[in-house]
Amino acid sequence: MTIRFLPAPGAPRRLAAAQLSNSVGDGAYYVCSALYFTGVVGLSPARIGLGLTLAWAVGSVAGVPLGALADRRGPRGTSVLLALATAASVASFLFVRSFGAFLCAAVLYAVSQCGLAAARQALLAGLVAPAERTGVLAHLQSTLNAGLALGAALGGLALGAGTEGAYLVVFALDAVSFLVCAALLLGLPAVAPVPERAAGEPRLAVLRDRPYALVTLLNAVLLLRMPLLSLAIPLWIVERTHAPGWLVSALFVLNTLAVMLFQVRTARPVTDLVSAGRALRLSGLVMALSCAVFAAAALPGAGWAAGALLVAGAALQADAEMRQSAGSWQIGFSLAPAERMGQYQGFFGTGVPVARTLGPMLLTALLLLWGIPGWLLLGALLLGASYAMGPAVRWAHSAGGVRA
């Protein structure tokens with residue numbers, strides 16, 4: 001079991017431990033945050049949505065300069081400071097009682113999270129050989145899902161209690177989890193900062209790298225699958241199918257278990273840009289098929305038939321997600337210059353906050369208003385983006401080469 005689920009000893013395993021620590025806290029936070037902000041803080045759902053949208057928009061912009069800071073000052077120290085900042089932002093939610101304070105705390109949280117993601121990627125790149133990075137990231141993704149599942153179970157206990165004290169314990173747990181994460185990151189070997197940029201060299205060179213920007217844009221399109229499981233599919237099940245409502249949680253568990261068990265195996269063949277492109281094309285095909293199966297679940301028929309189609313669609317989606325993740329990790333690292341890894345990873349990582357902010361609005365409009373044709377259009381969009389990634393990667397490769 002150890003060989004199968006744990007990364008190699010040393011830096012990869014410590015990175016996985018840091019990932020596990022903060023993902024347990026985040027899992028509990030995600031389950032309880034909406035009810036805490038509405039029931040305890042007294043904010044309306046519309047204000048919560050507005051605040052989080054603004055916060056993640058700011059975070060997506062901040063990821064690049066914070067990644068550049070990791071390049072100049074060293075990714076380990078920057079990661080530790082941003083983990084501490086995340087802990088402080090979560091702890092501040094304990095004292096939030098107005099929209100203004102909530103917005104400030106949410107912005108600090110989003111900025112810290114986006115910067116931490118970029119700095120940790122740069123730290124991983126400095127500690128792990130290029131040929132092993134995608135495999136290590138697969139272990140980290142598996143660990144992330146395990147931590148989120150455990151944290152969600154702890155958050156469920158707080159929801160069952162339904163008291164302000166229980167919610168406060170969850171937020172305190174999340175803050176402590178990032179303190180543990182910071183301590184684990186501090187125990188990693190230091191990675192030397194990159195040399196000072198030459199005279200005339202732009203401060204944020206990634207913003208002028210048009211081929212890499214195109215690759216990042218296509219990756220952001222592929223990441224529109226992220227709000228499917230948390231928002232679009234639950235609404236689709238309840239409003240458009242005859243399947244039982246409990247399938248919403250069952251499909252979430254199915255996805256979590258699939259990534260925990262099979263992400264490492266799925267990522268194993270992805271070792272270079274050629275195999276990464278192959279993984280993305282196959283991911284697009286599987287995702288398009290998944291969208292068609294989800295659409296078919298709304299056709300007239302018995303509830304059990306709709307349920308079976310939804311389970312099949314979720315299984316296909318999990319497979320597509322794992323292939324897309326592995327391919328994107330390889331591409332994002334391989335096309336980034338070693339001396340600018342932090343800022344390039346910060347830029348490449350903007351796809352996640354973009355999917356979090358624009359995805360819910362886009363997907364609910366596309367799927368719930370258009371119905372079955374909307375699902376087919378989404379599948380075609382993701383398939384097209386996955387196949388367009390090949391020419392975009394070749395353009396970026398020819399412009400700058402495989403640089404890390």
# chains A, B, ... in the order shown; residues from 1 in each chain; ligands from 1
>>> closest_atom_pairs(of="stretch 143-206 of chain A", to="stretch 41-47 of chain A", cutoff="12 Å", atoms="only C-alpha atoms", output="CSV")
residue,atom,partner,partner_atom,distance
A:Glu164,CA,A:Val41,CA,9.8
A:Tyr167,CA,A:Val41,CA,11.1
A:Leu168,CA,A:Val41,CA,11.3
>>> write_last_selection(atoms="all heavy atoms", output="JSON list (two decimals), in the first residue's frame")
[["chain", "number", "residue", "atom", "x", "y", "z"],
["A", 164, "GLU", "N", -22.97, 27.64, 16.42],
["A", 164, "GLU", "CA", -21.92, 28.58, 16.08],
["A", 164, "GLU", "C", -20.56, 28.07, 16.56],
["A", 164, "GLU", "O", -19.57, 28.18, 15.84],
["A", 164, "GLU", "CB", -22.20, 29.95, 16.70],
["A", 164, "GLU", "CG", -21.13, 30.98, 16.42],
["A", 164, "GLU", "CD", -21.42, 32.34, 17.02],
["A", 164, "GLU", "OE1", -22.56, 32.53, 17.50],
["A", 164, "GLU", "OE2", -20.53, 33.21, 16.99],
["A", 167, "TYR", "N", -19.08, 25.56, 14.10],
["A", 167, "TYR", "CA", -18.52, 26.20, 12.91],
["A", 167, "TYR", "C", -17.20, 26.88, 13.22],
["A", 167, "TYR", "O", -16.26, 26.84, 12.41],
["A", 167, "TYR", "CB", -19.51, 27.22, 12.36],
["A", 167, "TYR", "CG", -20.78, 26.63, 11.79],
["A", 167, "TYR", "CD1", -22.02, 27.23, 12.02],
["A", 167, "TYR", "CD2", -20.75, 25.48, 11.01],
["A", 167, "TYR", "CE1", -23.18, 26.69, 11.50],
["A", 167, "TYR", "CE2", -21.91, 24.92, 10.49],
["A", 167, "TYR", "CZ", -23.12, 25.54, 10.74],
["A", 167, "TYR", "OH", -24.27, 25.01, 10.23],
["A", 168, "LEU", "N", -17.11, 27.52, 14.36],
["A", 168, "LEU", "CA", -15.86, 28.19, 14.73],
["A", 168, "LEU", "C", -14.72, 27.20, 14.89],
["A", 168, "LEU", "O", -13.57, 27.50, 14.53],
["A", 168, "LEU", "CB", -16.07, 28.99, 16.02],
["A", 168, "LEU", "CG", -17.04, 30.17, 15.94],
["A", 168, "LEU", "CD1", -17.17, 30.84, 17.30],
["A", 168, "LEU", "CD2", -16.61, 31.17, 14.89]]
>>> residues_around(residues="A:Ala220", least_positions_apart="4", cutoff="9 Å", atoms="only C-alpha atoms", output="ChimeraX atom specification")
/A:215-216,224,348-352,354-355
>>> residues_around(residues="A:Asn255", least_positions_apart="3", cutoff="8 Å", atoms="only C-alpha atoms", output="MDAnalysis selection string")
chainID A and resid 251:252 258:259 314:315 318
>>> closest_atom_pairs(of="stretch 234-306 of chain A", to="stretch 370-388 of chain A", cutoff="10 Å", atoms="only C-alpha atoms", output="tab-separated table")
residue	atom	partner	partner_atom	distance
A:Trp236	CA	A:Gly371	CA	8.7
A:Arg240	CA	A:Gly371	CA	8.1
A:Gly277	CA	A:Tyr387	CA	8.2
A:Arg278	CA	A:Tyr387	CA	9.2
A:Ala279	CA	A:Ser386	CA	9.2
A:Leu280	CA	A:Ser386	CA	5.5
A:Arg281	CA	A:Ser386	CA	5.3
A:Leu282	CA	A:Ser386	CA	8.3
A:Ser283	CA	A:Ser386	CA	7.4
A:Gly284	CA	A:Leu383	CA	4.3
A:Leu285	CA	A:Leu383	CA	6.0
A:Val286	CA	A:Leu383	CA	8.6
A:Met287	CA	A:Gly379	CA	6.4
A:Ala288	CA	A:Gly379	CA	4.0
A:Leu289	CA	A:Gly379	CA	7.3
A:Ser290	CA	A:Gly379	CA	7.8
A:Cys291	CA	A:Gly379	CA	5.4
A:Ala292	CA	A:Leu376	CA	6.0
A:Val293	CA	A:Trp375	CA	9.1
A:Phe294	CA	A:Trp375	CA	7.5
A:Ala295	CA	A:Ile372	CA	5.0
A:Ala296	CA	A:Ile372	CA	7.4
A:Ala297	CA	A:Ile372	CA	9.3
A:Ala298	CA	A:Ile372	CA	7.6
A:Leu299	CA	A:Ile372	CA	8.8
>>> atom_distance(atom1="atom CA of A:Leu144", atom2="atom CA of A:Leu185")
15.8 Å
>>> residues_around(residues="A:Leu247", least_positions_apart="5", cutoff="9 Å", atoms="only C-alpha atoms", output="list in words")
Pro234, Ile237, Phe252, Gly307, Leu310 and Val311 of chain A
>>> closest_residue(among="A:Leu20, A:Leu367, A:Phe262, A:Gly327", to="A:Phe178", atoms="only C-alpha atoms")
A:Leu20
>>> residues_around(residues="A:Ser177", least_positions_apart="3", cutoff="10 Å", atoms="only C-alpha atoms", output="list in words")
Ala18, Gln19, Leu20, Ser21, Asn22, Ser23, Val24, Gly25, Asp26, Ala83, Thr86, Ala87, Phe171, Ala172, Leu173, Asp174, Val180, Cys181, Ala182 and Ala183 of chain A
>>> select_by_dssp(residues="stretch 162-349 of chain A", states="helix (DSSP H, G or I)", output="PyMOL selection string")
chain A and resi 164-186+205-208+210-240+247-267+273-296+303-334+338-348
>>> decode(residues="stretch 69-175 of chain A", atoms="C-alpha atoms", output="short mmCIF file (atom, residue, chain, number, x, y, z; two decimals), in the first residue's frame")
data_model
loop_
_atom_site.label_atom_id
_atom_site.label_comp_id
_atom_site.auth_asym_id
_atom_site.auth_seq_id
_atom_site.Cartn_x
_atom_site.Cartn_y
_atom_site.Cartn_z
CA LEU A 69 8.54 36.91 -5.80
CA ALA A 70 9.13 33.19 -5.20
CA ASP A 71 11.65 33.20 -8.06
CA ARG A 72 13.55 36.20 -6.68
CA ARG A 73 13.42 35.40 -2.94
CA GLY A 74 13.32 31.61 -3.04
CA PRO A 75 10.19 29.44 -3.27
CA ARG A 76 10.53 27.76 0.13
CA GLY A 77 10.48 30.96 2.18
CA THR A 78 7.75 32.46 0.00
CA SER A 79 5.63 29.30 0.36
CA VAL A 80 5.99 29.38 4.13
CA LEU A 81 5.00 33.06 4.32
CA LEU A 82 1.97 32.52 2.08
CA ALA A 83 0.87 29.48 4.08
CA LEU A 84 1.04 31.66 7.21
CA ALA A 85 -0.93 34.38 5.42
CA THR A 86 -3.58 31.82 4.48
CA ALA A 87 -3.79 30.69 8.11
CA ALA A 88 -4.23 34.33 9.18
CA SER A 89 -6.96 34.93 6.59
CA VAL A 90 -8.92 31.86 7.68
CA ALA A 91 -8.53 32.83 11.34
CA SER A 92 -9.86 36.31 10.53
CA PHE A 93 -13.15 34.75 9.37
CA LEU A 94 -13.77 33.93 13.04
CA PHE A 95 -14.21 37.64 13.73
CA VAL A 96 -15.98 38.74 10.55
CA ARG A 97 -19.44 40.21 11.16
CA SER A 98 -19.93 42.55 8.17
CA PHE A 99 -19.67 42.41 4.39
CA GLY A 100 -16.69 44.78 4.30
CA ALA A 101 -14.71 42.67 6.73
CA PHE A 102 -15.75 39.51 4.88
CA LEU A 103 -14.55 40.96 1.56
CA CYS A 104 -11.17 41.94 3.03
CA ALA A 105 -10.68 38.49 4.57
CA ALA A 106 -11.81 36.74 1.38
CA VAL A 107 -9.39 38.78 -0.76
CA LEU A 108 -6.50 37.96 1.59
CA TYR A 109 -7.51 34.28 1.48
CA ALA A 110 -7.72 34.16 -2.34
CA VAL A 111 -4.47 36.08 -2.87
CA SER A 112 -2.63 33.88 -0.37
CA GLN A 113 -4.00 30.68 -1.91
CA CYS A 114 -3.14 31.68 -5.49
CA GLY A 115 0.33 32.82 -4.49
CA LEU A 116 0.90 29.70 -2.40
CA ALA A 117 -0.05 27.47 -5.33
CA ALA A 118 2.50 29.21 -7.59
CA ALA A 119 5.26 29.19 -4.97
CA ARG A 120 4.71 25.52 -4.14
CA GLN A 121 4.90 24.60 -7.82
CA ALA A 122 8.19 26.49 -8.09
CA LEU A 123 9.43 24.75 -4.94
CA LEU A 124 8.48 21.35 -6.35
CA ALA A 125 10.27 22.19 -9.61
CA GLY A 126 13.42 23.06 -7.66
CA LEU A 127 13.36 19.86 -5.59
CA VAL A 128 12.12 17.23 -8.06
CA ALA A 129 13.75 16.18 -11.33
CA PRO A 130 11.79 17.20 -14.45
CA ALA A 131 11.01 13.60 -15.43
CA GLU A 132 9.43 12.94 -12.01
CA ARG A 133 7.33 16.09 -11.55
CA THR A 134 4.09 14.88 -13.11
CA GLY A 135 4.23 11.68 -11.09
CA VAL A 136 4.79 13.60 -7.86
CA LEU A 137 1.93 15.96 -8.71
CA ALA A 138 -0.30 12.94 -9.27
CA HIS A 139 0.52 11.74 -5.75
CA LEU A 140 -0.22 15.23 -4.42
CA GLN A 141 -3.57 15.31 -6.22
CA SER A 142 -4.47 11.92 -4.77
CA THR A 143 -3.44 13.18 -1.33
CA LEU A 144 -5.49 16.33 -1.84
CA ASN A 145 -8.64 14.33 -2.51
CA ALA A 146 -8.02 12.10 0.49
CA GLY A 147 -7.62 15.16 2.72
CA LEU A 148 -10.71 16.86 1.32
CA ALA A 149 -12.77 13.72 1.94
CA LEU A 150 -11.57 13.46 5.53
CA GLY A 151 -12.11 17.17 6.09
CA ALA A 152 -15.61 16.99 4.59
CA ALA A 153 -16.47 14.23 7.05
CA LEU A 154 -15.29 16.43 9.93
CA GLY A 155 -17.27 19.32 8.50
CA GLY A 156 -20.30 17.07 8.37
CA LEU A 157 -20.06 16.60 12.13
CA ALA A 158 -20.14 20.39 12.53
CA LEU A 159 -23.15 20.61 10.25
CA GLY A 160 -24.86 17.96 12.33
CA ALA A 161 -24.28 19.98 15.48
CA GLY A 162 -25.42 23.15 13.71
CA THR A 163 -24.06 25.49 16.40
CA GLU A 164 -21.92 28.58 16.08
CA GLY A 165 -19.27 26.94 18.25
CA ALA A 166 -19.05 23.94 15.92
CA TYR A 167 -18.52 26.20 12.91
CA LEU A 168 -15.86 28.19 14.73
CA VAL A 169 -14.01 24.97 15.52
CA VAL A 170 -13.98 24.14 11.79
CA PHE A 171 -12.46 27.52 10.88
CA ALA A 172 -9.90 27.18 13.65
CA LEU A 173 -9.04 23.70 12.34
CA ASP A 174 -8.49 25.09 8.84
CA ALA A 175 -6.23 27.86 10.18
#
